[in-house]
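Worksheet: the structure to be examined is printed underneath.
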Amino acid sequence: MRTYRDIVRENVLTFINVAIFILGVGLILLGEVGSGLISMGVVGVNIVVNVAQEMRAKIVLERIALLVRPTARVVRDGTEVPVAAVELRVGDVVRIVAGDQILADATIRDGGSIEVDESLLTGESAAVAKGTGDELLAGSFCVSGTTLAGVVRVGETMLVSRMTAGARAFRRTTTPLQRRVDTIIRGVLMIALSLAIVVIGSTFVEQAPLVTGVARAMVIAGLVPNGLLLAVSAAYAMSAVRVARRGVLVQQANAIDTLGDVDVLCTDKTGTLTTSRTRLARLVPLEGETEVVTALLATFAASTQTPDRVIDAVRDTRPASAAPTLSAVPFSAARGWSAVSFSDLGTLVLGAPERLTGYLATPIDEAALQRLTAEGLRVMLFGRAEGISQGAPMALRPLGFVCLSEELRADARETLGRLAAAGIAVKIVSGDHPSTVRAIADAAGVGVDGVATGGGGEACDEDALARLAATTTIFGRITPEPKQRIVRALRTGGRYVAMVGDGVNDVLALKAADLGIAMRSGASSARAVADVVLLTDEIGTLVPAAEEGRRILRGMRDILRIFLTRVLYASLLISAVSMIEGGFPFTPAQNALLTLLTVGVPSLALAAWPGVRPVSPGDLDVGLALLVIPPGWTIAIIAFFAYLVHASDVRVAQTALTTLAVFCGVLLYIDAPERDDAGGRHVRHLLVGGTMVAPYLWILGTHAAVMFDLAPLPPAEVALSGAVALVWIVILRWLWLRRALEMALGLSGAA
């Protein structure tokens, strides 16, 4: 997120602002103090408005971001307290549990044992076991286990800080919208340079004073719409605030406009489609009495020192006392099982049936397993082994199936239906059994085209994986790396992919997606790498967020429309009026006032209250041109005639032209083509438009007119200019609706 210094610098130190300030100083030095100060003052007002709006948005977002800021569990005086990463100090003792991000370099204290994912540091996705005295590096994540660790390095002294010392500079990635705006600015800059060459040349031919040349150069410099980039930033900031109030925290500002481009949504099952709550549905014994197997399972759960959702579900349903243990193997996604060895009960093992099949001394009832998973139950195999040898259970005897059920999120079915209606394909990528995932998909109303187990395997080449990913809806028994490969395969196939996840096993896929979306209640590692965080843990909030992305495009299309219309008519007027001896359409003060009233403030209003009709990227290309050429061309024609009527008095002619341009510019903002605003927004646009006209009329009728180089105009002539502008907007709307320009250019099929 940008700092306050960044916001001020980016709003002040723009090409157009620097150019106008330099030219303004030049005018002051040449004796035109009033014109120089007024021009710089109006630009200054525009800067203040933009800075204030963006700072307000930043304050709101920072308050919301506090909800998901990573914190460490620091043990002080025997009590755990949450401490922000920046407040950690050397010597602090932190408790680390599965799913936590390690926020400072630390060493494991006596008796601790965890597994960590160091992929963000090393690129290796395999979990690494850590024991007493081993070092934990900031930037890694705890995959399994619980331990206490002492902080040994913080801030710039951490290994990750030293590793990234040369690569931590802020890097701004640009979206297609930002690249279009940059192209437009470069194009207009070329036009302005061409005009400047012509006008400066004519100034020398006329042997006009140097102050006249500087004033004209200032007006031409004002044509460059450098404020468009700031308008994009303002639109992002205000949109981020709007979606944050609906439960979506945007961590990468420009991610908001890409939400509307998503055409594939990959989602985990547990914690995303279902709630984080897991309950023990039933225990199906395979050997021995039900009571005996249940007691063993309860003891296993009570004695496990690295609990997860399955263990917590057993503990909640079958509470028991912990028994002394000899050793333990914590659960990890890569292994798929956990074990605890007791002195009198042997070694008890719990894990995914297919991960334990190779260790079984006796086969399990596959038919029973299929029936249970077909019911949508998550089935784990519970058994007793003779021990653990070389990281594997020996002679495992199955004791029973542990059947767990998950609760479908209340908004899942409706949300997935709305996404499908919007043309967004949904793919469920889960570590659970495909049959279990299929049952959840059916309950959520997901149309299933294909089901696959795993991600095609390591031997599956990229082309084969791309075909599998394109034709498959459900992937079961997926580990983190294949999940990442599936996301990459979809992107390679030309799809724009969003990934929704909440756990450590989703981190790699979240990073690989075009748009990473994490749940607030999920692991801090998932939130840390995501572009967007769902604060309410409801995927239903994605729908309004995607709609907001399309609204940004709509708002930017309208902002571009008023900016480019002004550039077009001003360029045409400068070219036409300059042909009249000694003529020029605006003075710097008039131009600054016109820009503020018809572009500066209205662009902020359009960013704050964009329309709701979705637009496509094409509307920012050919479609935009079709919206700009008619008003720009017609304003230039009628304003040129207004100038000609008073050509004998240049100041009066400029005032008449400026007055008509203000009226037309305000109407162009208020009465946009295909206006689809709801009543409240439309009223706001009307109020802003009225606010722009009122101060201009006040300036025109008072001594303030002298400050802006405006000559007195009879009230009847001002009223006539307003009437002409009203007739103009009616004719313009007719031209838009009739697609007159498209027909004239032979583009009747254009959007």
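By convention in this document, the chains of the structure tokens carry letters A, B, ... by their order, each chain's residues are numbered from 1, and ligands are numbered from 1 in the order they are shown.
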**Prompt:** Quick one: residues within 8 Å of Ala192 (chain A), only C-alpha atoms counted, chain neighbours fewer than 2 positions away excluded, as a PyMOL selection string?
**Reply:** chain A and resi 188-190+194-196+220-221+223-224
**Contacts of region 135-140 of chain A at 6 Å (only C-alpha atoms; same-chain gap of 2+ positions) as a list in words** =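 Returned residues: Ile102, Leu103, Ala104, Asp105, Ala106, Thr107, Asp117 and Glu118 of chain A.
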**Request:** Please measure the separation of CA of Cys403 (chain A) and CA of Thr357 (chain A), giving the value in Å to one decimal.
**Result:** 17.4 Å
**Prompt:** Which of region 200-321 of chain A counts as alpha helix (DSSP H) under DSSP, as JSON, numbers by chain please?
**Reply:** {"A": [200, 201, 202, 203, 204, 205, 206, 210, 211, 212, 213, 214, 215, 216, 217, 218, 219, 220, 221, 227, 228, 229, 230, 231, 232, 233, 234, 235, 236, 237, 238, 239, 240, 241, 242, 243, 244, 290, 291, 292, 293, 294, 295, 296, 297, 298, 299, 300, 301, 302, 303, 309, 310, 311, 312, 313, 314, 315, 316, 317]}
Skip Arg566 (chain A) itself and residues of its chain fewer than 3 positions away, then list as an mmCIF file with C-alpha atoms, in the first residue's frame all residues within 12 Å of it, counting only C-alpha atoms.
```
data_model
loop_
_atom_site.group_PDB
_atom_site.id
_atom_site.type_symbol
_atom_site.label_atom_id
_atom_site.label_comp_id
_atom_site.auth_asym_id
_atom_site.auth_seq_id
_atom_site.Cartn_x
_atom_site.Cartn_y
_atom_site.Cartn_z
ATOM 1 C CA VAL A 188 -1.980 13.175 -26.477
ATOM 2 C CA ILE A 220 -1.025 23.625 -24.686
ATOM 3 C CA GLY A 222 -2.560 21.736 -20.026
ATOM 4 C CA LEU A 223 -3.900 19.497 -22.797
ATOM 5 C CA VAL A 224 -1.815 16.537 -21.625
ATOM 6 C CA PRO A 225 -4.192 14.508 -19.415
ATOM 7 C CA ILE A 559 -13.500 9.726 -17.075
ATOM 8 C CA LEU A 560 -11.585 9.085 -20.286
ATOM 9 C CA ARG A 561 -14.574 10.377 -22.244
ATOM 10 C CA ILE A 562 -14.598 13.807 -20.585
ATOM 11 C CA PHE A 563 -10.789 14.105 -20.560
ATOM 12 C CA TYR A 569 -12.153 20.328 -28.822
ATOM 13 C CA ALA A 570 -9.304 22.344 -27.296
ATOM 14 C CA SER A 571 -6.874 21.090 -29.953
ATOM 15 C CA LEU A 572 -9.317 21.901 -32.733
ATOM 16 C CA LEU A 573 -10.013 25.355 -31.281
ATOM 17 C CA ILE A 574 -6.313 26.162 -30.881
ATOM 18 C CA ASN A 591 -7.877 27.251 -19.274
ATOM 19 C CA LEU A 594 -12.209 25.406 -17.429
ATOM 20 C CA THR A 595 -10.137 22.304 -16.649
ATOM 21 C CA LEU A 596 -11.041 22.361 -12.953
ATOM 22 C CA LEU A 597 -14.788 22.778 -13.549
ATOM 23 C CA THR A 598 -15.280 20.396 -16.483
ATOM 24 C CA VAL A 599 -12.587 17.742 -15.886
ATOM 25 C CA GLY A 600 -10.902 17.923 -12.475
ATOM 26 C CA VAL A 628 -15.447 11.226 -27.829
ATOM 27 C CA ILE A 629 -15.460 12.344 -31.457
ATOM 28 C CA PRO A 630 -19.096 13.636 -31.686
ATOM 29 C CA PRO A 631 -18.989 15.915 -28.588
ATOM 30 C CA GLY A 632 -15.407 17.067 -29.155
ATOM 31 C CA TRP A 633 -16.039 17.948 -32.789
ATOM 32 C CA THR A 634 -19.375 19.695 -32.178
ATOM 33 C CA ILE A 635 -18.155 21.699 -29.153
ATOM 34 C CA ALA A 636 -15.234 22.935 -31.268
ATOM 35 C CA THR A 658 -14.990 29.739 -22.276
ATOM 36 C CA ALA A 661 -17.286 25.381 -23.141
ATOM 37 C CA VAL A 662 -18.107 25.362 -19.400
ATOM 38 C CA CYS A 664 -21.171 22.080 -22.611
ATOM 39 C CA GLY A 665 -18.544 20.390 -20.438
ATOM 40 C CA VAL A 666 -20.820 20.265 -17.389
ATOM 41 C CA LEU A 668 -21.444 16.315 -20.987
ATOM 42 C CA TYR A 669 -20.585 15.117 -17.478
#
```
**Request:** Provide the CA of Gly476 (chain A) to CA of Thr436 (chain A) distance in Å, to one decimal place.
**Result:**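 Separation of CA of Gly476 (chain A) and CA of Thr436 (chain A): 8.5 Å.
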**region 505-519 of chain A surroundings by only C-alpha atoms, 7 Å radius, close-in-sequence under 6 positions cut, as a list in words** = Pro480, Glu481, Lys483, Gln484, Val487, Arg488, Tyr496, Val497, Ala498, Met499, Ser525, Ala526, Arg527, Val529, Ala530, Asp531, Val532, Val533, Leu534, Leu535 and Asp537 of chain A
